[in-house]
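A.B. asks: So here's query-v9.txt (compact mmCIF, C-alpha atoms).
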```
# COMPACT_ATOMS: atom_id res chain seq x y z
CA MET A 1 -10.43 -3.51 -8.39
CA ILE A 2 -7.92 -4.92 -10.84
CA LEU A 3 -6.36 -6.74 -7.89
CA SER A 4 -9.59 -8.49 -6.90
CA GLU A 5 -10.22 -9.62 -10.48
CA ASP A 6 -6.75 -11.13 -10.55
CA LYS A 7 -7.50 -12.89 -7.32
CA THR A 8 -10.68 -14.58 -8.53
CA MET A 9 -8.84 -15.55 -11.68
CA SER A 10 -6.04 -17.27 -9.81
CA GLU A 11 -8.52 -19.03 -7.55
CA HIS A 12 -10.31 -20.49 -10.55
CA ASN A 13 -7.16 -21.40 -12.37
CA HIS A 14 -4.65 -22.57 -9.81
CA HIS A 15 -1.98 -23.41 -12.36
CA GLU A 16 -1.39 -19.75 -13.25
CA HIS A 17 1.12 -18.10 -10.92
CA HIS A 18 0.32 -14.49 -10.25
CA VAL A 19 2.52 -12.11 -12.26
CA SER A 20 2.51 -8.56 -10.88
CA SER A 21 2.65 -5.78 -13.45
CA ALA A 22 5.70 -3.52 -13.35
CA GLY A 23 3.37 -0.62 -12.56
CA GLN A 24 1.96 -2.42 -9.54
CA LEU A 25 5.43 -3.18 -8.17
CA TRP A 26 6.61 0.40 -8.71
CA ALA A 27 3.45 1.70 -6.99
CA ILE A 28 4.24 -0.42 -3.92
CA GLY A 29 7.88 0.75 -3.99
CA ILE A 30 6.79 4.40 -4.18
CA ALA A 31 4.21 3.90 -1.40
CA LEU A 32 6.95 2.39 0.80
CA THR A 33 9.25 5.34 0.04
CA LEU A 34 6.52 7.85 0.93
CA LEU A 35 5.74 6.00 4.18
CA THR A 36 9.47 6.08 5.06
CA ILE A 37 9.56 9.84 4.49
CA LEU A 38 6.35 10.15 6.56
CA THR A 39 7.75 8.21 9.51
CA VAL A 40 11.01 10.21 9.49
CA GLY A 41 8.98 13.44 9.31
CA LEU A 42 6.73 12.35 12.17
CA SER A 43 9.79 11.63 14.33
CA TYR A 44 10.53 15.38 14.34
CA VAL A 45 6.99 16.16 15.55
CA GLU A 46 6.62 16.32 19.33
CA ILE A 47 4.22 13.48 20.08
CA PRO A 48 3.85 12.65 23.79
CA ALA A 49 4.95 9.13 24.83
CA PRO A 50 3.76 6.46 24.36
CA PHE A 51 1.93 7.69 21.26
CA ASP A 52 5.18 8.46 19.40
CA VAL A 53 5.99 4.74 19.48
CA VAL A 54 2.40 3.86 18.54
CA VAL A 55 2.55 6.16 15.50
CA ALA A 56 5.99 4.88 14.39
CA LEU A 57 4.88 1.25 14.75
CA THR A 58 1.60 1.89 12.90
CA VAL A 59 3.55 3.20 9.91
CA ALA A 60 6.00 0.27 10.19
CA PHE A 61 3.14 -2.25 10.21
CA GLY A 62 1.60 -0.50 7.20
CA LYS A 63 4.91 -0.86 5.33
CA ALA A 64 5.30 -4.49 6.43
CA PHE A 65 1.76 -5.20 5.21
CA LEU A 66 2.55 -3.78 1.76
CA VAL A 67 5.74 -5.85 1.49
CA CYS A 68 4.09 -9.09 2.68
CA ALA A 69 0.90 -8.72 0.65
CA PHE A 70 2.26 -7.44 -2.67
CA PHE A 71 6.02 -8.13 -2.78
CA MET A 72 5.82 -11.52 -1.06
CA ASN A 73 2.57 -12.15 -2.96
CA LEU A 74 0.53 -13.26 0.06
CA TYR A 75 -2.46 -11.41 -1.43
CA TRP A 76 -2.61 -13.93 -4.29
CA ASP A 77 -1.15 -16.86 -2.39
CA THR A 78 -2.80 -19.73 -0.54
CA LYS A 79 -4.27 -18.58 2.78
CA PHE A 80 -2.19 -21.19 4.60
CA ASN A 81 0.97 -19.12 4.17
CA THR A 82 -0.78 -16.04 5.57
CA MET A 83 -1.86 -18.16 8.52
CA LEU A 84 1.78 -19.16 9.11
CA LEU A 85 2.80 -15.48 9.17
CA ILE A 86 -0.02 -14.48 11.52
CA GLY A 87 0.75 -17.52 13.69
CA ALA A 88 4.40 -16.47 13.98
CA PHE A 89 3.35 -12.99 15.02
CA ALA A 90 0.83 -14.34 17.55
CA PHE A 91 3.52 -16.46 19.20
CA PHE A 92 5.88 -13.47 19.23
CA ILE A 93 3.21 -11.46 21.10
CA LEU A 94 2.76 -14.38 23.50
CA MET A 95 6.52 -14.49 24.16
CA VAL A 96 6.65 -10.74 24.83
CA ALA A 97 3.52 -10.82 27.02
CA VAL A 98 4.74 -13.64 29.23
CA THR A 99 8.20 -12.05 29.53
CA LEU A 100 6.72 -8.67 30.51
CA LEU A 101 4.59 -10.36 33.18
CA ASP A 102 7.90 -11.10 34.86
CA THR A 103 10.07 -8.09 34.04
CA LEU A 104 7.47 -5.35 34.61
CA TYR A 105 6.60 -6.56 38.10
CA ARG A 106 10.03 -6.99 39.68
CA ASN A 107 10.96 -4.99 42.76
CA ASP A 108 14.63 -5.02 41.83
CA VAL A 109 15.03 -4.75 38.05
CA VAL A 110 18.25 -6.70 37.65
CA PRO A 111 20.00 -7.22 41.00
CA SER A 112 23.56 -7.09 39.62
CA PHE A 113 23.03 -3.77 37.79
CA MET B 1 12.73 -42.67 -22.58
CA SER B 2 12.46 -39.35 -24.37
CA ASN B 3 8.73 -39.36 -23.66
CA HIS B 4 9.47 -39.93 -20.02
CA SER B 5 11.75 -36.90 -19.78
CA GLN B 6 9.16 -34.76 -21.55
CA ALA B 7 6.51 -35.72 -19.03
CA HIS B 8 8.95 -34.96 -16.20
CA PRO B 9 10.86 -31.73 -16.69
CA ALA B 10 14.45 -31.75 -15.41
CA HIS B 11 13.63 -29.61 -12.37
CA LEU B 12 10.74 -31.85 -11.19
CA GLN B 13 11.64 -34.17 -8.31
CA HIS B 14 10.14 -37.64 -8.46
CA HIS B 15 8.15 -37.34 -5.26
CA PHE B 16 6.01 -34.48 -6.62
CA VAL B 17 2.97 -34.91 -8.84
CA ASP B 18 3.74 -31.87 -10.96
CA SER B 19 5.67 -28.58 -11.03
CA ASP B 20 2.86 -26.67 -9.32
CA GLN B 21 2.80 -29.02 -6.36
CA GLN B 22 6.59 -28.78 -6.11
CA PHE B 23 6.47 -24.98 -6.29
CA ASP B 24 3.74 -24.71 -3.63
CA ALA B 25 5.53 -27.16 -1.33
CA ALA B 26 8.78 -25.21 -1.67
CA LYS B 27 6.98 -21.95 -0.96
CA MET B 28 5.23 -23.34 2.11
CA GLY B 29 8.59 -24.62 3.35
CA MET B 30 10.03 -21.14 2.82
CA TRP B 31 7.18 -19.61 4.84
CA VAL B 32 7.85 -22.06 7.68
CA PHE B 33 11.47 -20.87 7.58
CA ILE B 34 10.20 -17.27 7.72
CA VAL B 35 8.14 -18.18 10.82
CA ASN B 36 11.38 -19.42 12.37
CA GLU B 37 13.18 -16.19 11.39
CA ILE B 38 10.40 -14.01 12.84
CA LEU B 39 10.60 -15.82 16.18
CA PHE B 40 14.43 -15.71 16.06
CA PHE B 41 14.40 -11.93 15.65
CA GLY B 42 11.37 -11.92 17.98
CA GLY B 43 13.63 -12.89 20.88
CA LEU B 44 15.81 -9.86 20.13
CA PHE B 45 12.79 -7.56 19.82
CA CYS B 46 11.59 -9.00 23.14
CA ALA B 47 14.90 -8.01 24.78
CA TYR B 48 14.51 -4.54 23.24
CA ILE B 49 10.97 -4.21 24.67
CA VAL B 50 12.02 -5.39 28.15
CA PHE B 51 14.94 -2.96 28.39
CA ARG B 52 12.99 -0.08 26.90
CA ALA B 53 10.22 -0.65 29.46
CA TRP B 54 12.83 -0.64 32.24
CA TYR B 55 14.87 2.34 31.05
CA PRO B 56 12.82 4.58 28.71
CA ASP B 57 15.20 7.53 29.26
CA LEU B 58 18.21 5.44 28.27
CA PHE B 59 16.69 4.73 24.86
CA THR B 60 15.68 8.32 24.08
CA GLN B 61 19.11 9.62 25.14
CA ALA B 62 21.27 6.98 23.51
CA ALA B 63 19.35 6.95 20.21
CA THR B 64 20.52 10.52 19.55
CA GLU B 65 23.93 8.99 18.72
CA LEU B 66 22.37 7.16 15.76
CA ASN B 67 22.29 9.12 12.51
CA THR B 68 18.67 9.38 11.33
CA VAL B 69 19.68 10.42 7.81
CA TRP B 70 21.90 7.39 7.18
CA GLY B 71 19.28 5.12 8.73
CA ALA B 72 16.63 6.58 6.43
CA VAL B 73 18.90 6.28 3.38
CA ASN B 74 19.52 2.64 4.22
CA THR B 75 15.77 2.09 4.59
CA LEU B 76 15.23 3.48 1.09
CA VAL B 77 18.14 1.38 -0.25
CA LEU B 78 16.50 -1.79 1.10
CA ILE B 79 13.06 -0.81 -0.23
CA GLY B 80 14.67 -0.24 -3.63
CA SER B 81 16.33 -3.65 -3.45
CA SER B 82 13.00 -5.27 -2.55
CA LEU B 83 11.49 -3.64 -5.63
CA THR B 84 14.30 -4.89 -7.89
CA VAL B 85 14.07 -8.42 -6.47
CA ALA B 86 10.31 -8.39 -7.16
CA MET B 87 11.11 -7.18 -10.69
CA ALA B 88 13.66 -10.02 -11.02
CA ILE B 89 10.94 -12.57 -10.21
CA ARG B 90 8.60 -10.87 -12.68
CA SER B 91 11.33 -11.08 -15.35
CA ALA B 92 11.77 -14.80 -14.68
CA GLN B 93 7.99 -15.34 -14.89
CA LYS B 94 7.97 -13.59 -18.26
CA ASN B 95 11.03 -15.46 -19.57
CA GLN B 96 13.08 -12.23 -19.72
CA ILE B 97 16.38 -13.78 -18.64
CA LYS B 98 18.38 -10.62 -19.33
CA GLY B 99 16.00 -8.61 -17.14
CA LEU B 100 16.31 -11.24 -14.42
CA GLN B 101 20.11 -10.92 -14.46
CA ILE B 102 20.08 -7.11 -14.51
CA ASN B 103 17.59 -6.88 -11.63
CA LEU B 104 19.64 -9.37 -9.60
CA LEU B 105 22.80 -7.32 -10.19
CA ILE B 106 21.05 -4.09 -9.10
CA THR B 107 19.77 -5.89 -5.98
CA ILE B 108 23.28 -7.12 -5.14
CA ALA B 109 24.65 -3.61 -5.68
CA LEU B 110 22.01 -2.06 -3.40
CA ALA B 111 22.73 -4.70 -0.74
CA CYS B 112 26.41 -3.73 -0.91
CA VAL B 113 25.48 -0.04 -0.55
CA PHE B 114 23.51 -0.94 2.57
CA LEU B 115 26.51 -2.77 4.05
CA LEU B 116 28.88 0.07 3.13
CA ILE B 117 26.70 2.62 4.96
CA LYS B 118 26.43 0.23 7.91
CA TYR B 119 30.23 -0.12 7.89
CA PHE B 120 30.69 3.66 8.10
CA GLU B 121 28.13 3.87 10.91
CA TYR B 122 29.81 1.08 12.90
CA SER B 123 33.37 2.35 12.37
CA HIS B 124 32.41 5.88 13.45
CA LYS B 125 30.84 4.54 16.65
CA LEU B 126 33.71 2.18 17.44
CA HIS B 127 36.15 5.03 16.81
CA ILE B 128 34.56 7.26 19.47
CA GLY B 129 34.40 4.37 21.97
CA ILE B 130 30.84 3.13 21.50
CA TRP B 131 31.51 -0.59 21.83
CA PRO B 132 29.04 -3.27 22.87
CA GLY B 133 29.32 -4.40 26.48
CA ALA B 134 30.17 -2.54 29.69
CA GLU B 135 33.87 -3.51 29.60
CA LEU B 136 34.64 -2.15 26.16
CA TYR B 137 32.30 0.86 26.16
CA THR B 138 34.32 4.04 26.79
CA TYR B 139 32.22 6.83 25.21
CA GLU B 140 31.23 9.56 27.69
CA GLY B 141 28.85 11.60 25.55
CA ILE B 142 25.69 10.02 26.91
CA ASP B 143 24.75 10.91 30.46
CA HIS B 144 23.35 7.56 31.50
CA PRO B 145 25.12 4.82 33.50
CA LEU B 146 23.67 2.06 31.29
CA ALA B 147 24.35 3.65 27.89
CA HIS B 148 26.30 0.53 26.89
CA VAL B 149 23.12 -1.58 27.25
CA PHE B 150 21.39 0.29 24.43
CA PHE B 151 24.36 -0.16 22.14
CA SER B 152 24.69 -3.85 22.95
CA ILE B 153 21.09 -4.24 21.78
CA TYR B 154 21.82 -2.04 18.76
CA TYR B 155 24.92 -3.98 17.70
CA VAL B 156 23.33 -7.41 18.15
CA MET B 157 20.09 -6.54 16.31
CA THR B 158 21.66 -4.63 13.41
CA GLY B 159 24.63 -7.04 13.32
CA ILE B 160 22.47 -10.14 12.92
CA HIS B 161 20.41 -8.24 10.36
CA ALA B 162 23.64 -7.37 8.50
CA ILE B 163 24.65 -11.06 8.54
CA HIS B 164 21.31 -11.77 6.86
CA ILE B 165 22.17 -9.17 4.20
CA ILE B 166 25.54 -10.87 3.58
CA VAL B 167 23.83 -14.28 3.28
CA GLY B 168 21.31 -12.69 0.90
CA ILE B 169 24.11 -11.34 -1.31
CA GLY B 170 25.59 -14.85 -1.48
CA LEU B 171 22.21 -16.33 -2.39
CA MET B 172 21.66 -13.74 -5.12
CA ILE B 173 25.11 -14.36 -6.61
CA TRP B 174 24.16 -18.07 -6.71
CA ILE B 175 20.84 -17.25 -8.41
CA TYR B 176 22.64 -14.91 -10.84
CA ILE B 177 25.12 -17.64 -11.84
CA ARG B 178 22.26 -20.11 -12.39
CA ALA B 179 20.32 -17.50 -14.37
CA LYS B 180 23.40 -16.97 -16.56
CA LYS B 181 23.41 -20.73 -17.22
CA ASN B 182 19.84 -20.30 -18.44
CA GLU B 183 18.39 -22.51 -15.71
CA PHE B 184 15.36 -20.30 -15.02
CA GLY B 185 12.30 -19.28 -17.03
CA SER B 186 8.54 -19.06 -16.74
CA GLU B 187 8.36 -22.85 -16.29
CA TYR B 188 10.82 -23.01 -13.41
CA TYR B 189 11.91 -20.12 -11.22
CA THR B 190 11.35 -21.58 -7.72
CA PRO B 191 14.80 -20.65 -6.31
CA VAL B 192 14.38 -17.06 -7.56
CA GLU B 193 11.01 -16.81 -5.79
CA MET B 194 12.39 -18.30 -2.54
CA VAL B 195 15.45 -16.02 -2.42
CA GLY B 196 13.02 -13.16 -3.13
CA LEU B 197 10.89 -14.14 -0.12
CA TYR B 198 14.02 -14.25 2.04
CA TRP B 199 15.13 -10.84 0.82
CA HIS B 200 11.72 -9.27 1.49
CA LEU B 201 11.83 -10.70 5.02
CA VAL B 202 15.20 -9.02 5.59
CA ASP B 203 13.59 -5.78 4.35
CA VAL B 204 10.58 -6.18 6.70
CA ILE B 205 12.88 -6.68 9.71
CA TRP B 206 14.74 -3.48 8.86
CA ILE B 207 11.37 -1.69 8.48
CA PHE B 208 10.88 -2.34 12.21
CA LEU B 209 14.52 -1.85 13.30
CA PHE B 210 14.75 1.60 11.71
CA PRO B 211 11.99 3.42 13.68
CA LEU B 212 12.70 1.48 16.89
CA LEU B 213 16.43 2.29 16.95
CA TYR B 214 16.92 5.50 14.93
CA LEU B 215 13.66 7.42 15.28
CA ILE B 216 13.31 7.70 19.06
CA GLU B 217 14.41 10.91 20.71
```
Hey, can you dump this file as structure tokens for me?
C.D. replies:
Amino acid sequence: MILSEDKTMSEHNHHEHHVSSAGQLWAIGIALTLLTILTVGLSYVEIPAPFDVVVALTVAFGKAFLVCAFFMNLYWDTKFNTMLLIGAFAFFILMVAVTLLDTLYRNDVVPSF
Amino acid sequence: MSNHSQAHPAHLQHHFVDSDQQFDAAKMGMWVFIVNEILFFGGLFCAYIVFRAWYPDLFTQAATELNTVWGAVNTLVLIGSSLTVAMAIRSAQKNQIKGLQINLLITIALACVFLLIKYFEYSHKLHIGIWPGAELYTYEGIDHPLAHVFFSIYYVMTGIHAIHIIVGIGLMIWIYIRAKKNEFGSEYYTPVEMVGLYWHLVDVIWIFLFPLLYLIE
């Protein structure tokens, strides 16, 4: 709730840069540490493919969200910068999708191999 | 003339209306650079995805050669350095120049720890014959004819990431020297913020590299 109050404040008064409290930053750091321990722990659990990758990537995206939103300050920043980030990711997905349309449907994977 | 320089602080370029506009423009430019970085690493992740889709067994077998513990330690080292770089920016915003310098030094130290661990990982692999490329690869511990392919991907992805760490160390030394000259404070800390954004990006990339390379078995 403190976060949302800060947000409305910075929207009303654009000249104030957001200053995170030390407690907030430490909380994010600790959350990232716990998520790292979680993902290492989960790697020792037998999860059938492809859900092992799904679980690992879900945790990774959770960590990336925390870093982008609260360390890179996107939460308090202009929405344009968030749009740039989402746009980059969308084009990455497009690149992978179009590539897989080729590589997944070849009869001979790589002829020279 | 003295009035003029008061109205325009030393850091403010003439083509900007005020410091806020300059700061926001710099930050947007930095985010455009981050877009470029994401798509740059995106090409490498794309190669990873293609080869993993082709040879799922290769990845699960070869990844056992990577040391999960050292990978996890390095993940925590980078998270710690992201925290200290965020604290450095906070110090600058609050005019605590000493705190800014100390946090930058801790960040540089953590970055060096990361590289040191990476150096030990690389040298161990090279020692037992795990080299990138079919010609140089001589290790026989992995029962897969394309084991070298996994390690080529591993070396290129972690190597380019490590180059980013080295660049980041250079940038932080530059910021530290400028902080020592008292160039930053709550009124002007744009370069600190931008180097911080860069450093967090390097952290985010490792957040994905770690599970995708070390945690598959």
A.B. asks: Give one line per residue of chain B that approaches chain A to at most 8 Å, naming the two atoms of the closest pair and their distance in Å to one decimal, counting all atoms listed in the file; sort by chain then ascending residue number and deliver it as a Markdown table.
C.D. replies:
```
| residue | atom | partner | partner_atom | distance |
| --- | --- | --- | --- | --- |
| B:Asp20 | CA | A:His15 | CA | 6.6 |
| B:Met28 | CA | A:Asn81 | CA | 6.3 |
| B:Trp31 | CA | A:Asn81 | CA | 6.3 |
| B:Val32 | CA | A:Leu84 | CA | 6.9 |
| B:Ile34 | CA | A:Leu85 | CA | 7.8 |
| B:Val35 | CA | A:Ala88 | CA | 5.2 |
| B:Asn36 | CA | A:Ala88 | CA | 7.7 |
| B:Ile38 | CA | A:Ala88 | CA | 6.6 |
| B:Leu39 | CA | A:Phe92 | CA | 6.1 |
| B:Gly42 | CA | A:Phe92 | CA | 5.8 |
| B:Gly43 | CA | A:Phe92 | CA | 7.9 |
| B:Cys46 | CA | A:Val96 | CA | 5.5 |
| B:Ile49 | CA | A:Val96 | CA | 7.8 |
| B:Val50 | CA | A:Leu100 | CA | 6.7 |
| B:Ala53 | CA | A:Leu104 | CA | 7.5 |
| B:Trp54 | CA | A:Val109 | CA | 7.4 |
| B:Thr68 | CA | A:Val40 | CA | 7.9 |
| B:Ala72 | CA | A:Thr36 | CA | 7.3 |
| B:Thr75 | CA | A:Thr36 | CA | 7.5 |
| B:Leu76 | CA | A:Thr33 | CA | 6.4 |
| B:Ile79 | CA | A:Gly29 | CA | 6.6 |
| B:Gly80 | CA | A:Gly29 | CA | 6.9 |
| B:Ser82 | CA | A:Phe71 | CA | 7.5 |
| B:Leu83 | CA | A:Gly29 | CA | 5.9 |
| B:Ala86 | CA | A:Phe71 | CA | 6.1 |
| B:Met87 | CA | A:Ala22 | CA | 7.1 |
| B:Arg90 | CA | A:Val19 | CA | 6.2 |
| B:Gln93 | CA | A:Val19 | CA | 6.9 |
| B:Gly196 | CA | A:Met72 | CA | 7.7 |
| B:Leu197 | CA | A:Met72 | CA | 5.8 |
| B:His200 | CA | A:Met72 | CA | 6.8 |
| B:Val204 | CA | A:Ala64 | CA | 5.6 |
| B:Ile207 | CA | A:Ala60 | CA | 6.0 |
| B:Phe208 | CA | A:Ala60 | CA | 5.9 |
| B:Pro211 | CA | A:Ala56 | CA | 6.2 |
| B:Leu212 | CA | A:Val53 | CA | 7.9 |
| B:Leu215 | CA | A:Ser43 | CA | 5.8 |
| B:Ile216 | CA | A:Ser43 | CA | 7.1 |
| B:Glu217 | CA | A:Ser43 | CA | 7.9 |
```
A.B. asks: Pick the closest to Leu104 of chain B from B:Leu66, B:Tyr137, B:Ala88, B:Ala147: which is it, counting all atoms listed in the file?
C.D. replies: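 Comparing B:Leu66, B:Tyr137, B:Ala88, B:Ala147 against Leu104 of chain B, the winner is B:Ala88.
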A.B. asks: Name all residues at most 12 Å from Val192 of chain B (count only C-alpha atoms; drop same-chain ones fewer than 4 positions away) and give them as an NGL selection string.
C.D. replies: :B and (23 or 26-27 or 30 or 85-93 or 97 or 100-101 or 103-104 or 168 or 171-179 or 183-186 or 188 or 196-199)
A.B. asks: With C-alpha atoms retained, write the just-selected residues as an mmCIF file, in the coordinates of the input.
C.D. replies:
```
data_model
loop_
_atom_site.group_PDB
_atom_site.id
_atom_site.type_symbol
_atom_site.label_atom_id
_atom_site.label_comp_id
_atom_site.auth_asym_id
_atom_site.auth_seq_id
_atom_site.Cartn_x
_atom_site.Cartn_y
_atom_site.Cartn_z
ATOM 1 C CA PHE B 23 6.470 -24.980 -6.290
ATOM 2 C CA ALA B 26 8.780 -25.210 -1.670
ATOM 3 C CA LYS B 27 6.980 -21.950 -0.960
ATOM 4 C CA MET B 30 10.030 -21.140 2.820
ATOM 5 C CA VAL B 85 14.070 -8.420 -6.470
ATOM 6 C CA ALA B 86 10.310 -8.390 -7.160
ATOM 7 C CA MET B 87 11.110 -7.180 -10.690
ATOM 8 C CA ALA B 88 13.660 -10.020 -11.020
ATOM 9 C CA ILE B 89 10.940 -12.570 -10.210
ATOM 10 C CA ARG B 90 8.600 -10.870 -12.680
ATOM 11 C CA SER B 91 11.330 -11.080 -15.350
ATOM 12 C CA ALA B 92 11.770 -14.800 -14.680
ATOM 13 C CA GLN B 93 7.990 -15.340 -14.890
ATOM 14 C CA ILE B 97 16.380 -13.780 -18.640
ATOM 15 C CA LEU B 100 16.310 -11.240 -14.420
ATOM 16 C CA GLN B 101 20.110 -10.920 -14.460
ATOM 17 C CA ASN B 103 17.590 -6.880 -11.630
ATOM 18 C CA LEU B 104 19.640 -9.370 -9.600
ATOM 19 C CA GLY B 168 21.310 -12.690 0.900
ATOM 20 C CA LEU B 171 22.210 -16.330 -2.390
ATOM 21 C CA MET B 172 21.660 -13.740 -5.120
ATOM 22 C CA ILE B 173 25.110 -14.360 -6.610
ATOM 23 C CA TRP B 174 24.160 -18.070 -6.710
ATOM 24 C CA ILE B 175 20.840 -17.250 -8.410
ATOM 25 C CA TYR B 176 22.640 -14.910 -10.840
ATOM 26 C CA ILE B 177 25.120 -17.640 -11.840
ATOM 27 C CA ARG B 178 22.260 -20.110 -12.390
ATOM 28 C CA ALA B 179 20.320 -17.500 -14.370
ATOM 29 C CA GLU B 183 18.390 -22.510 -15.710
ATOM 30 C CA PHE B 184 15.360 -20.300 -15.020
ATOM 31 C CA GLY B 185 12.300 -19.280 -17.030
ATOM 32 C CA SER B 186 8.540 -19.060 -16.740
ATOM 33 C CA TYR B 188 10.820 -23.010 -13.410
ATOM 34 C CA GLY B 196 13.020 -13.160 -3.130
ATOM 35 C CA LEU B 197 10.890 -14.140 -0.120
ATOM 36 C CA TYR B 198 14.020 -14.250 2.040
ATOM 37 C CA TRP B 199 15.130 -10.840 0.820
#
```
A.B. asks: If I take atom CA of Leu105 of chain B and atom CA of Val167 of chain B, how far is one from the other in Å, to one decimal?
C.D. replies: 15.2 Å
A.B. asks: If you measure from atom CA of Gly159 of chain B to atom CA of Tyr48 of chain B, what distance in Å do you get, rounded to one decimal?
C.D. replies: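 Separating atom CA of Gly159 of chain B from atom CA of Tyr48 of chain B is a distance of 14.4 Å.
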A.B. asks: May I ask which of the residues B:Ile165, B:Asn182, B:Leu44, B:Asp24 is the closest one to Leu110 of chain B, counting all atoms listed in the file?
C.D. replies: B:Ile165
A.B. asks: Excluding segment 113-123 of chain B and its own-chain neighbours fewer than 2 positions away, which residues fall within 10 Å of it when counting only C-alpha atoms? Please give them as JSON, numbers by chain.
C.D. replies: {"B": [66, 67, 70, 71, 73, 74, 75, 76, 77, 78, 81, 107, 108, 109, 110, 111, 125, 126, 127, 128, 129, 130, 131, 155, 158, 159, 162, 163, 165, 166]}
A.B. asks: Just how far from atom CA of His124 of chain B is atom CA of Pro56 of chain B, in Å to one decimal?
C.D. replies: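 Separating atom CA of Pro56 of chain B from atom CA of His124 of chain B is a distance of 24.9 Å.
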A.B. asks: Which residue gives the smallest distance to Ile169 of chain B among B:Ala134, B:Trp206, B:His144, B:Cys112, with only C-alpha atoms counted?
C.D. replies: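 Smallest separation from Ile169 of chain B among the options: B:Cys112.
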A.B. asks: First collect every listed atom of segment 166-185 of chain B; then fit an axis-aligned box around them, widen it by 4 Å on each side, and give centre and edge lengths in Å to one decimal, as lines of an AutoDock Vina configuration file.
C.D. replies:
```
center_x = 18.9
center_y = -16.7
center_z = -7.4
size_x = 21.3
size_y = 19.6
size_z = 30.0
```
A.B. asks: Got a sec to check which residues sit within 9 Å of (21.0, 6.4, 29.5), counting all atoms listed in the file, and write them as a PyMOL selection string?
C.D. replies: chain B and resi 55-62+142-150
